[in-house]
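Heads up, target.pdb below (PDB, C-alpha atoms):
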```pdb
ATOM      1  CA  MET A 235     -16.057 107.340-165.376
ATOM      2  CA  ASP A 236     -17.495 107.185-168.825
ATOM      3  CA  GLU A 237     -15.941 103.801-169.490
ATOM      4  CA  LYS A 238     -17.408 102.324-166.309
ATOM      5  CA  LEU A 239     -20.844 103.663-167.190
ATOM      6  CA  LYS A 240     -20.693 102.095-170.656
ATOM      7  CA  PHE A 241     -19.608  98.787-169.190
ATOM      8  CA  GLY A 242     -22.447  98.852-166.687
ATOM      9  CA  VAL A 243     -25.021  99.481-169.411
ATOM     10  CA  LEU A 244     -23.678  96.616-171.493
ATOM     11  CA  GLY A 245     -23.821  94.314-168.483
ATOM     12  CA  LEU A 246     -27.420  95.278-167.814
ATOM     13  CA  LEU A 247     -28.416  94.688-171.425
ATOM     14  CA  PHE A 248     -26.769  91.282-171.364
ATOM     15  CA  VAL A 249     -28.742  90.247-168.297
ATOM     16  CA  MET A 250     -31.967  91.439-169.880
ATOM     17  CA  LEU A 251     -31.301  89.353-172.999
ATOM     18  CA  VAL A 252     -30.678  86.243-170.935
ATOM     19  CA  VAL A 253     -33.962  86.677-169.100
ATOM     20  CA  SER A 254     -35.790  87.202-172.393
ATOM     21  CA  THR A 255     -34.462  84.052-174.072
ATOM     22  CA  THR A 256     -35.392  81.798-171.148
ATOM     23  CA  SER A 257     -39.059  82.818-171.042
ATOM     24  CA  ALA A 258     -41.348  79.852-171.651
ATOM     25  CA  THR A 259     -43.755  79.590-174.564
ATOM     26  CA  PRO A 260     -45.253  76.242-175.650
ATOM     27  CA  THR A 261     -44.867  75.957-179.429
ATOM     28  CA  LEU A 262     -47.097  73.990-181.777
ATOM     29  CA  HIS A 263     -45.264  72.630-184.796
ATOM     30  CA  PHE A 264     -45.212  69.901-187.441
ATOM     31  CA  VAL A 265     -42.666  67.115-187.916
ATOM     32  CA  PRO A 266     -41.482  67.318-190.572
ATOM     33  CA  GLN A 267     -42.169  71.014-190.866
ATOM     34  CA  ASP A 268     -41.991  70.805-194.673
ATOM     35  CA  SER A 269     -43.046  67.476-196.162
ATOM     36  CA  SER A 270     -43.427  66.335-199.754
ATOM     37  CA  VAL A 271     -44.298  63.416-202.009
ATOM     38  CA  VAL A 272     -43.652  62.862-205.694
ATOM     39  CA  GLY A 273     -46.698  62.403-207.897
ATOM     40  CA  TYR A 274     -50.466  62.131-207.676
ATOM     41  CA  CYS A 275     -51.966  59.709-205.134
ATOM     42  CA  HIS A 276     -48.824  59.422-202.990
ATOM     43  CA  GLU A 277     -48.999  60.257-199.291
ATOM     44  CA  THR A 278     -46.944  60.826-196.171
ATOM     45  CA  VAL A 279     -47.441  61.119-192.401
ATOM     46  CA  VAL A 280     -47.000  64.409-190.522
ATOM     47  CA  GLU A 281     -46.818  64.695-186.724
ATOM     48  CA  VAL A 282     -48.489  67.428-184.651
ATOM     49  CA  ARG A 283     -46.289  68.260-181.663
ATOM     50  CA  LEU A 284     -46.174  70.683-178.732
ATOM     51  CA  ASN A 285     -42.646  71.743-177.845
ATOM     52  CA  LEU A 286     -42.142  72.681-174.197
ATOM     53  CA  SER A 287     -39.150  74.547-172.824
ATOM     54  CA  ALA A 288     -37.774  74.131-169.318
ATOM     55  CA  GLY A 289     -39.996  76.971-168.105
ATOM     56  CA  ASP A 290     -43.254  75.384-169.295
ATOM     57  CA  THR A 291     -44.866  73.601-166.354
ATOM     58  CA  LEU A 292     -47.920  71.381-165.990
ATOM     59  CA  ILE A 293     -49.329  72.000-169.499
ATOM     60  CA  ASP A 294     -52.578  70.083-169.445
ATOM     61  CA  TYR A 295     -54.974  70.543-172.371
ATOM     62  CA  GLY A 296     -55.811  72.639-175.400
ATOM     63  CA  LYS A 297     -57.545  73.068-178.743
ATOM     64  CA  VAL A 298     -55.814  73.401-182.100
ATOM     65  CA  GLY A 299     -56.923  74.120-185.670
ATOM     66  CA  ILE A 300     -55.031  73.149-188.819
ATOM     67  CA  SER A 301     -55.896  74.645-192.213
ATOM     68  CA  TYR A 302     -54.863  73.070-195.525
ATOM     69  CA  ASP A 303     -55.817  72.923-199.209
ATOM     70  CA  PRO A 304     -57.513  69.569-199.953
ATOM     71  CA  SER A 305     -57.254  70.125-203.718
ATOM     72  CA  CYS A 306     -53.473  69.785-203.372
ATOM     73  CA  GLY A 307     -52.951  67.694-200.239
ATOM     74  CA  ASN A 308     -55.955  66.165-198.503
ATOM     75  CA  ILE A 309     -55.825  64.808-194.947
ATOM     76  CA  THR A 310     -57.142  61.248-195.174
ATOM     77  CA  ASP A 311     -56.316  59.706-191.791
ATOM     78  CA  ARG A 312     -55.907  61.021-188.229
ATOM     79  CA  ASN A 313     -54.456  59.371-185.140
ATOM     80  CA  PHE A 314     -53.846  60.481-181.558
ATOM     81  CA  ASN A 315     -50.808  59.478-179.550
ATOM     82  CA  THR A 316     -52.656  57.624-176.788
ATOM     83  CA  ASP A 317     -49.622  56.349-174.870
ATOM     84  CA  ILE A 318     -50.537  56.821-171.207
ATOM     85  CA  LEU A 319     -47.102  58.230-170.294
ATOM     86  CA  THR A 320     -46.539  60.568-173.243
ATOM     87  CA  GLY A 321     -49.836  61.041-175.052
ATOM     88  CA  VAL A 322     -53.413  62.260-174.771
ATOM     89  CA  ASP A 323     -56.497  60.724-173.168
ATOM     90  CA  PRO A 324     -58.762  59.514-176.023
ATOM     91  CA  SER A 325     -61.832  59.562-173.772
ATOM     92  CA  TRP A 326     -61.412  63.313-173.407
ATOM     93  CA  SER A 327     -59.716  64.235-176.690
ATOM     94  CA  SER A 328     -61.376  64.565-180.093
ATOM     95  CA  TRP A 329     -60.335  65.150-183.689
ATOM     96  CA  ASN A 330     -63.043  66.546-185.981
ATOM     97  CA  SER A 331     -65.864  65.425-183.705
ATOM     98  CA  GLN A 332     -68.376  67.424-181.712
ATOM     99  CA  PHE A 333     -66.958  67.827-178.234
ATOM    100  CA  LEU A 334     -68.858  70.683-176.655
ATOM    101  CA  GLY A 335     -72.394  71.907-177.205
ATOM    102  CA  PRO A 336     -75.195  70.717-179.504
ATOM    103  CA  SER A 337     -74.348  69.312-182.905
ATOM    104  CA  THR A 338     -76.530  71.918-184.599
ATOM    105  CA  GLU A 339     -74.100  74.723-183.726
ATOM    106  CA  LYS A 340     -71.256  75.696-186.037
ATOM    107  CA  PRO A 341     -68.395  73.177-185.769
ATOM    108  CA  CYS A 342     -64.748  74.198-185.885
ATOM    109  CA  TRP A 343     -63.815  71.918-188.777
ATOM    110  CA  GLY A 344     -64.844  71.433-192.375
ATOM    111  CA  TYR A 345     -63.423  71.571-195.891
ATOM    112  CA  GLY A 346     -59.776  72.483-195.510
ATOM    113  CA  MET A 347     -59.848  72.682-191.704
ATOM    114  CA  ASP A 348     -59.144  70.110-188.968
ATOM    115  CA  TRP A 349     -59.908  70.737-185.303
ATOM    116  CA  ILE A 350     -58.186  68.975-182.403
ATOM    117  CA  VAL A 351     -59.255  69.081-178.757
ATOM    118  CA  PHE A 352     -56.677  67.320-176.570
ATOM    119  CA  GLY A 353     -55.937  66.603-172.956
ATOM    120  CA  PHE A 354     -52.758  64.895-171.809
ATOM    121  CA  TRP A 355     -53.067  61.859-169.561
ATOM    122  CA  ILE A 356     -50.426  63.491-167.374
ATOM    123  CA  PRO A 357     -49.781  67.295-167.350
ATOM    124  CA  LYS A 358     -46.479  68.009-169.060
ATOM    125  CA  THR A 359     -43.455  69.976-167.903
ATOM    126  CA  GLY A 360     -40.603  70.808-170.264
ATOM    127  CA  PRO A 361     -38.152  70.472-171.758
ATOM    128  CA  PHE A 362     -39.880  67.928-173.991
ATOM    129  CA  ASP A 363     -41.332  67.756-177.501
ATOM    130  CA  GLU A 364     -44.732  66.179-176.916
ATOM    131  CA  LEU A 365     -46.470  64.200-179.677
ATOM    132  CA  ILE A 366     -50.197  64.992-179.784
ATOM    133  CA  GLY A 367     -50.948  62.908-182.874
ATOM    134  CA  ASN A 368     -50.347  62.537-186.584
ATOM    135  CA  PHE A 369     -52.225  62.747-189.853
ATOM    136  CA  THR A 370     -51.801  61.229-193.294
ATOM    137  CA  ILE A 371     -51.765  63.778-196.101
ATOM    138  CA  HIS A 372     -52.471  62.589-199.633
ATOM    139  CA  CYS A 373     -51.537  64.243-202.936
ATOM    140  CA  ASP A 374     -54.893  64.858-204.633
ATOM    141  CA  SER A 375     -53.722  67.033-207.532
ATOM    142  CA  THR A 376     -52.687  66.076-211.053
ATOM    143  CA  ASN A 377     -51.653  69.668-211.796
ATOM    144  CA  LEU A 378     -48.157  69.425-210.362
ATOM    145  CA  PRO A 379     -46.226  70.727-208.641
ATOM    146  CA  CYS A 380     -48.474  72.260-206.001
ATOM    147  CA  THR A 381     -47.760  73.488-202.464
ATOM    148  CA  ASN A 382     -50.145  73.113-199.559
ATOM    149  CA  TYR A 383     -49.689  75.533-196.638
ATOM    150  CA  LEU A 384     -50.318  73.855-193.284
ATOM    151  CA  ASN A 385     -51.247  76.594-190.814
ATOM    152  CA  PHE A 386     -52.257  76.518-187.170
ATOM    153  CA  THR A 387     -55.413  78.624-187.054
ATOM    154  CA  CYS A 388     -59.177  78.384-186.476
ATOM    155  CA  MET A 389     -62.515  78.981-188.201
ATOM    156  CA  GLN A 390     -64.016  82.336-187.318
ATOM    157  CA  GLY A 391     -67.243  82.062-185.344
ATOM    158  CA  CYS A 392     -67.002  78.338-184.665
ATOM    159  CA  LEU A 393     -68.534  76.833-181.558
ATOM    160  CA  GLN A 394     -65.325  76.349-179.572
ATOM    161  CA  GLY A 395     -63.667  79.646-180.431
ATOM    162  CA  CYS A 396     -60.015  79.746-181.422
ATOM    163  CA  MET A 397     -56.832  77.974-180.337
ATOM    164  CA  CYS A 398     -55.921  77.902-176.651
ATOM    165  CA  ILE A 399     -53.648  75.978-174.301
ATOM    166  CA  TRP A 400     -54.225  75.635-170.551
ATOM    167  CA  ASN A 401     -52.212  74.413-167.609
ATOM    168  CA  SER A 402     -53.416  72.094-164.849
ATOM    169  CA  SER A 403     -54.748  75.097-162.889
ATOM    170  CA  ASP A 404     -57.101  75.845-165.813
ATOM    171  CA  ARG A 405     -55.163  78.989-166.629
ATOM    172  CA  GLU A 406     -54.659  79.875-170.266
ATOM    173  CA  VAL A 407     -50.986  80.055-171.224
ATOM    174  CA  SER A 408     -49.582  81.935-174.182
ATOM    175  CA  HIS A 409     -48.256  79.842-177.046
ATOM    176  CA  SER A 410     -46.557  80.195-180.418
ATOM    177  CA  VAL A 411     -46.792  78.244-183.658
ATOM    178  CA  VAL A 412     -44.482  77.176-186.461
ATOM    179  CA  ASN A 413     -46.472  76.568-189.642
ATOM    180  CA  GLY A 414     -45.465  74.102-192.336
ATOM    181  CA  THR A 415     -45.958  73.044-195.938
ATOM    182  CA  PHE A 416     -46.824  69.929-197.903
ATOM    183  CA  THR A 417     -45.704  69.792-201.541
ATOM    184  CA  CYS A 418     -46.814  67.459-204.322
ATOM    185  CA  GLU A 419     -43.757  67.317-206.539
ATOM    186  CA  ALA A 420     -43.993  66.777-210.281
ATOM    187  CA  THR A 421     -42.846  63.412-211.542
ATOM    188  CA  ALA A 422     -39.881  63.380-213.883
ATOM    189  CA  PRO A 423     -37.684  60.842-215.667
ATOM    190  CA  ASN A 424     -33.948  60.843-215.152
ATOM    191  CA  VAL A 425     -32.262  58.643-217.728
ATOM    192  CA  SER A 426     -28.524  58.096-217.821
ATOM    193  CA  VAL A 427     -27.114  56.655-221.047
ATOM    194  CA  THR A 428     -23.941  54.567-221.101
ATOM    195  CA  VAL A 429     -22.344  53.775-224.452
ATOM    196  CA  LYS A 430     -21.130  50.182-224.502
ATOM    197  CA  ASN A 431     -20.264  49.608-228.171
ATOM    198  CA  VAL A 432     -21.099  51.608-231.294
ATOM    199  CA  SER A 433     -18.577  50.319-233.792
ATOM    200  CA  PHE A 434     -19.631  47.827-236.475
ATOM    201  CA  GLY A 435     -16.144  47.831-237.961
ATOM    202  CA  THR A 436     -15.622  47.220-241.672
ATOM    203  CA  MET A 437     -18.685  45.591-243.267
ATOM    204  CA  LEU A 438     -19.090  43.965-246.655
ATOM    205  CA  ALA A 439     -21.939  44.766-249.022
ATOM    206  CA  GLY A 440     -25.040  42.684-248.384
ATOM    207  CA  ASN A 441     -24.129  41.998-244.765
ATOM    208  CA  ARG A 442     -26.226  42.506-241.641
ATOM    209  CA  GLN A 443     -24.478  42.983-238.336
ATOM    210  CA  GLU A 444     -25.865  43.379-234.801
ATOM    211  CA  ILE A 445     -24.179  44.851-231.741
ATOM    212  CA  ASN A 446     -25.600  43.279-228.621
ATOM    213  CA  VAL A 447     -25.810  45.807-225.764
ATOM    214  CA  SER A 448     -24.795  48.880-227.675
ATOM    215  CA  LEU A 449     -26.290  51.233-225.049
ATOM    216  CA  THR A 450     -27.444  50.942-221.444
ATOM    217  CA  LEU A 451     -30.206  53.313-220.304
ATOM    218  CA  ASN A 452     -31.074  53.610-216.610
ATOM    219  CA  ASN A 453     -34.149  55.610-215.552
ATOM    220  CA  THR A 454     -33.511  56.617-211.944
ATOM    221  CA  GLY A 455     -36.341  59.171-212.013
ATOM    222  CA  THR A 456     -39.914  59.036-210.764
ATOM    223  CA  ALA A 457     -41.754  58.874-214.096
ATOM    224  CA  PRO A 458     -41.572  56.698-217.221
ATOM    225  CA  ALA A 459     -39.483  58.082-220.079
ATOM    226  CA  ASN A 460     -40.144  57.952-223.817
ATOM    227  CA  ILE A 461     -36.963  57.450-225.827
ATOM    228  CA  THR A 462     -36.922  58.620-229.434
ATOM    229  CA  ALA A 463     -34.040  58.762-231.900
ATOM    230  CA  VAL A 464     -33.103  60.720-235.016
ATOM    231  CA  PHE A 465     -30.057  60.834-237.251
ATOM    232  CA  LYS A 466     -27.854  63.884-236.948
ATOM    233  CA  SER A 467     -25.598  62.786-239.770
ATOM    234  CA  ASN A 468     -22.436  64.520-240.875
ATOM    235  CA  VAL A 469     -23.567  63.923-244.463
ATOM    236  CA  THR A 470     -23.830  67.166-246.422
ATOM    237  CA  GLY A 471     -27.018  68.130-248.226
ATOM    238  CA  THR A 472     -30.471  66.778-247.385
ATOM    239  CA  THR A 473     -29.674  63.068-247.106
ATOM    240  CA  TYR A 474     -29.759  61.609-243.608
ATOM    241  CA  GLY A 475     -28.136  58.336-242.681
ATOM    242  CA  LEU A 476     -24.717  56.888-242.159
ATOM    243  CA  ASN A 477     -21.813  58.628-243.781
ATOM    244  CA  GLY A 478     -19.782  56.724-246.383
ATOM    245  CA  THR A 479     -17.795  58.113-249.271
ATOM    246  CA  GLY A 480     -19.240  59.598-252.449
ATOM    247  CA  GLU A 481     -22.372  57.781-253.513
ATOM    248  CA  ASN A 482     -22.033  55.201-250.765
ATOM    249  CA  ILE A 483     -24.502  56.732-248.336
ATOM    250  CA  ILE A 484     -26.564  54.169-246.448
ATOM    251  CA  PRO A 485     -30.118  55.345-245.722
ATOM    252  CA  GLY A 486     -31.266  55.775-242.138
ATOM    253  CA  THR A 487     -33.750  52.954-242.577
ATOM    254  CA  ASN A 488     -30.819  50.548-242.715
ATOM    255  CA  PHE A 489     -29.976  51.327-239.099
ATOM    256  CA  GLU A 490     -32.050  49.941-236.182
ATOM    257  CA  LEU A 491     -31.900  50.631-232.484
ATOM    258  CA  GLY A 492     -33.764  49.296-229.467
ATOM    259  CA  PRO A 493     -34.274  46.414-227.036
ATOM    260  CA  ASP A 494     -33.226  42.998-228.301
ATOM    261  CA  GLY A 495     -35.910  41.643-230.630
ATOM    262  CA  ASP A 496     -37.714  44.991-230.811
ATOM    263  CA  GLU A 497     -35.203  47.208-232.591
ATOM    264  CA  LYS A 498     -36.715  50.124-234.545
ATOM    265  CA  ALA A 499     -35.459  51.434-237.895
ATOM    266  CA  LEU A 500     -34.723  55.131-238.115
ATOM    267  CA  THR A 501     -35.913  57.272-241.025
ATOM    268  CA  ASP A 502     -34.291  58.999-243.984
ATOM    269  CA  THR A 503     -35.787  62.287-242.782
ATOM    270  CA  THR A 504     -35.555  64.446-239.699
ATOM    271  CA  ASP A 505     -38.588  62.648-238.259
ATOM    272  CA  THR A 506     -37.919  61.049-234.908
ATOM    273  CA  THR A 507     -38.557  57.368-234.249
ATOM    274  CA  VAL A 508     -40.045  56.170-230.962
ATOM    275  CA  ILE A 509     -37.725  53.446-229.688
ATOM    276  CA  SER A 510     -39.248  52.408-226.342
ATOM    277  CA  THR A 511     -40.638  53.590-223.010
ATOM    278  CA  ILE A 512     -38.537  52.999-219.916
ATOM    279  CA  PRO A 513     -40.496  52.772-216.631
ATOM    280  CA  ALA A 514     -39.249  54.641-213.580
ATOM    281  CA  GLY A 515     -36.534  52.757-211.733
ATOM    282  CA  VAL A 516     -35.781  50.416-214.664
ATOM    283  CA  GLU A 517     -32.569  49.803-216.607
ATOM    284  CA  VAL A 518     -32.719  48.556-220.210
ATOM    285  CA  THR A 519     -30.185  47.754-222.905
ATOM    286  CA  TYR A 520     -30.397  48.665-226.590
ATOM    287  CA  ASP A 521     -28.950  46.676-229.461
ATOM    288  CA  ALA A 522     -27.868  48.272-232.736
ATOM    289  CA  ILE A 523     -28.284  46.724-236.187
ATOM    290  CA  LEU A 524     -26.748  47.856-239.475
ATOM    291  CA  VAL A 525     -27.523  46.460-242.926
ATOM    292  CA  VAL A 526     -25.199  47.279-245.835
ATOM    293  CA  PRO A 527     -27.190  46.776-249.054
ATOM    294  CA  ALA A 528     -25.720  44.872-251.977
ATOM    295  CA  GLY A 529     -23.815  47.138-254.314
ATOM    296  CA  GLN A 530     -22.366  49.315-251.602
ATOM    297  CA  ALA A 531     -18.665  49.666-251.106
ATOM    298  CA  ALA A 532     -17.042  47.997-248.147
ATOM    299  CA  GLY A 533     -16.080  50.533-245.508
ATOM    300  CA  ASP A 534     -16.420  51.847-241.965
ATOM    301  CA  TYR A 535     -19.758  53.647-242.106
ATOM    302  CA  SER A 536     -20.351  56.276-239.438
ATOM    303  CA  GLY A 537     -23.069  58.650-238.354
ATOM    304  CA  ILE A 538     -24.479  60.540-235.385
ATOM    305  CA  VAL A 539     -27.656  59.381-233.667
ATOM    306  CA  GLU A 540     -29.381  61.736-231.224
ATOM    307  CA  LEU A 541     -31.469  60.281-228.394
ATOM    308  CA  ILE A 542     -34.341  62.388-227.106
ATOM    309  CA  ILE A 543     -35.615  61.657-223.589
ATOM    310  CA  GLU A 544     -39.078  62.916-222.632
ATOM    311  CA  GLU A 545     -41.556  62.243-219.855
ATOM    312  CA  SER A 546     -44.174  59.726-220.888
ATOM    313  CA  SER A 547     -47.677  61.168-220.717
TER     314      SER A 547
END
```
Starting from the file, lay out its structure as C-alpha cells.
Amino acid sequence: MDEKLKFGVLGLLFVMLVVSTTSATPTLHFVPQDSSVVGYCHETVVEVRLNLSAGDTLIDYGKVGISYDPSCGNITDRNFNTDILTGVDPSWSSWNSQFLGPSTEKPCWGYGMDWIVFGFWIPKTGPFDELIGNFTIHCDSTNLPCTNYLNFTCMQGCLQGCMCIWNSSDREVSHSVVNGTFTCEATAPNVSVTVKNVSFGTMLAGNRQEINVSLTLNNTGTAPANITAVFKSNVTGTTYGLNGTGENIIPGTNFELGPDGDEKALTDTTDTTVISTIPAGVEVTYDAILVVPAGQAAGDYSGIVELIIEESS
C-alpha cells in the first residue's frame, strides 16, 4: 500500500513537471549573447531576436528597451529586419524615434538607452526564433579591456512606459529576457621565435661573418610588438659579450642582430637594445653579424642573447 502511494505521487509530480516545461513564454535575446572585439575603434553586429516556443501563438507587436555603456561600446547603427515574411513593418515600427504622443514629452531613449517599437508584418506562432533587427556596436574605449552589459530594460517615467509584448488580440503576454555582454578586448602581441642558425663556427681574427636568417619571428597577435635584446653571457665578472677563453672576450658591441640591412649592435652593459617593431600579423627574419677584432684568438665564440617581447605603445 505504501509503495503504491509513493509511486502515485511520483507519477503526479512527473506530469506536473511536463506541464510546467511546455508553458509558453516569448524570450527576448541577443545573437550572439556575448560578443567582443579586439581593440579600440573595432565593431561588430548584434541581433535582437524574439524566441517563440510551440505554445506562443499570434505574437503581434511590442516595445523593447536596451541599455548599454557608450563609453565602452557605443551603438552606432540600427537596422530592422523588414522582410515581409519574417520581419517587422517599418511603417509601424520605430527605433529611437518618437512614435506616440508629442515630442515634448519624455522619450524612452537617450544616452546609454535604445528603444524599439515593433510590429510584425504577420503575427508569429512558434516554434521560431524571430529576428526583429540588429545594431552595430563600436568599441569606444582606449582603457581596455572593458565589458559592456547589454540589458533589456526601460527608462523609468518615459512616455511609452516599459517593455511589453502583445498578441494579435491586443492582449499583453508575459515574456522573459536573456541579457548579454559586449567586451572590448585589450590588444596584445603574440610573437613566436624560431631559431634557424646561430652558429658562426670557427672565426679568424679580423673577420666579419653574417648569418642570413638567424631567427624567424612571427607576430600572430593583435598588436605590434617591440623586440629588444640583451646579452646574458656566461662570462664571469662584469663583462658582457661573447665568451672566449681567458682574455679573448669579444665585447657585445661586436655582435649585431636584426632585419637584413638594419642590424643593431648590442651593448657591453646590461642595457637592452631596441632591435625592431613587428606589426600584428607580420613575420620577419633577423640576421646575425659577428666581428672578431684583430688580435683575438681564433675560436668558437659563444654567448647567450635574451630577446624581450613587449607590446608597442
Exercise. Do a neighbour search on range 497-502 of chain A at 8 Å with all atoms listed in the file, toss out local chain neighbours closer than 5 positions, and write the hits as a list in words.
Key: Ala463, Val464, Phe465, Thr473, Tyr474, Gly475, Pro485, Gly486, Thr487, Asn488, Phe489, Glu490, Leu491, Gly492, Thr507, Val508, Ile509, Tyr520, Asp521, Ala522 and Ile523 of chain A
Please evaluate the PyMOL selection byres ((chain A and resi 306) around 10) against the displayed coordinates and give the resulting residues as a short mmCIF file (atom, residue, chain, number, x, y, z; two decimals) with C-alpha atoms, in the frame of the given file.
```cif
data_model
loop_
_atom_site.label_atom_id
_atom_site.label_comp_id
_atom_site.auth_asym_id
_atom_site.auth_seq_id
_atom_site.Cartn_x
_atom_site.Cartn_y
_atom_site.Cartn_z
CA TYR A 274 -50.47 62.13 -207.68
CA TYR A 302 -54.86 73.07 -195.52
CA ASP A 303 -55.82 72.92 -199.21
CA PRO A 304 -57.51 69.57 -199.95
CA SER A 305 -57.25 70.12 -203.72
CA GLY A 307 -52.95 67.69 -200.24
CA ASN A 308 -55.96 66.17 -198.50
CA ILE A 371 -51.76 63.78 -196.10
CA HIS A 372 -52.47 62.59 -199.63
CA CYS A 373 -51.54 64.24 -202.94
CA ASP A 374 -54.89 64.86 -204.63
CA SER A 375 -53.72 67.03 -207.53
CA THR A 376 -52.69 66.08 -211.05
CA ASN A 377 -51.65 69.67 -211.80
CA LEU A 378 -48.16 69.42 -210.36
CA PRO A 379 -46.23 70.73 -208.64
CA CYS A 380 -48.47 72.26 -206.00
CA THR A 381 -47.76 73.49 -202.46
CA ASN A 382 -50.14 73.11 -199.56
CA TYR A 383 -49.69 75.53 -196.64
CA PHE A 416 -46.82 69.93 -197.90
CA THR A 417 -45.70 69.79 -201.54
CA CYS A 418 -46.81 67.46 -204.32
#
```
Practice problem: For the file shown, report as a PyMOL selection string the outcome of the PyMOL selection byres ((chain A and resi 343-356) around 6) at residue level. | Solution: chain A and resi 294-304+318+321-323+327-330+341-342+357
Practice problem: Please provide as an NGL selection string all residues within 10 Å of Cys392 in chain A, with the sequence filter that same-chain residues fewer than 2 positions apart are discarded (counting all atoms listed in the file). | Solution: :A and (339-343 or 388-390 or 394-396)
Practice problem: Let me know the residues the PyMOL selection byres ((chain A and resi 291) around 8) catches in the file above, as a ChimeraX atom specification. | Solution: /A:288-290,292-293,358-360,401
Quiz item: Near range 361-367 of chain A, within 6 Å and counting only C-alpha atoms, which residues show up once chain neighbours fewer than 2 positions away are dropped, as a list of chain:residue names?
Solution: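 Once the adjacent positions are removed, what remains is A:Glu281, A:Val282, A:Arg283, A:Leu284, A:Asn285, A:Leu286, A:Ser287, A:Ala288, A:Asn313, A:Phe314, A:Asn315.
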Quiz prompt | Best match for closeness to Val427 in chain A among A:Glu406, A:Glu540, A:Asp505, A:Asp496, counting only C-alpha atoms | solution =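 Ranking A:Glu406, A:Glu540, A:Asp505, A:Asp496 by distance to Val427 in chain A, first place goes to A:Glu540.
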Self-check item: Between CA of Leu476 in chain A and CA of Met437 in chain A - distance in Å to one decimal
Solution: 12.9 Å
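Interatomic distance, CA of Gln267 in chain A to CA of Cys398 in chain A: 20.9 Å.
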Self-check item: Interatomic distance, CA of Thr370 in chain A to CA of Ser408 in chain A (Å, one decimal)
Solution: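 Value for the CA of Thr370 in chain A-CA of Ser408 in chain A distance: 28.3 Å.
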Quiz item: Nearest to Arg442 in chain A: which of A:Thr428, A:Gly391, A:Asp311, A:Ala528 is it, counting all atoms listed in the file?
Solution: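 So, comparing all the options, the nearest one is A:Ala528.
Proximity to Asn453 in chain A at 6 Å, evaluated using all atoms listed in the file and with sequence-adjacent residues fewer than 2 positions away removed, yields Asn424, Val425, Gly455, Ala514, Gly515 and Val516 of chain A.
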All heavy atoms are needed for range 303-307 of chain A; please write them out as a compact mmCIF listing (two decimals), in the frame of the given file.
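Result file follows (part31.txt):
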```
# COMPACT_ATOMS: atom_id res chain seq x y z
N ASP A 303 -55.12 72.86 -197.91
CA ASP A 303 -55.82 72.92 -199.21
C ASP A 303 -56.05 71.50 -199.72
O ASP A 303 -55.14 70.88 -200.26
CB ASP A 303 -54.98 73.71 -200.21
CG ASP A 303 -55.61 73.75 -201.60
OD1 ASP A 303 -56.78 73.32 -201.74
OD2 ASP A 303 -54.93 74.21 -202.54
N PRO A 304 -57.26 70.96 -199.56
CA PRO A 304 -57.51 69.57 -199.95
C PRO A 304 -57.33 69.31 -201.44
O PRO A 304 -57.11 68.17 -201.84
CB PRO A 304 -58.98 69.35 -199.53
CG PRO A 304 -59.28 70.42 -198.55
CD PRO A 304 -58.46 71.59 -198.96
N SER A 305 -57.43 70.34 -202.28
CA SER A 305 -57.25 70.12 -203.72
C SER A 305 -55.81 69.79 -204.06
O SER A 305 -55.53 69.22 -205.11
CB SER A 305 -57.71 71.37 -204.50
OG SER A 305 -56.87 72.47 -204.23
N CYS A 306 -54.88 70.15 -203.17
CA CYS A 306 -53.47 69.78 -203.37
C CYS A 306 -53.11 68.60 -202.49
O CYS A 306 -52.72 67.55 -202.98
CB CYS A 306 -52.58 70.98 -203.07
SG CYS A 306 -50.80 70.63 -203.21
N GLY A 307 -53.25 68.77 -201.17
CA GLY A 307 -52.95 67.69 -200.24
C GLY A 307 -54.09 67.52 -199.26
O GLY A 307 -54.35 68.40 -198.44
```
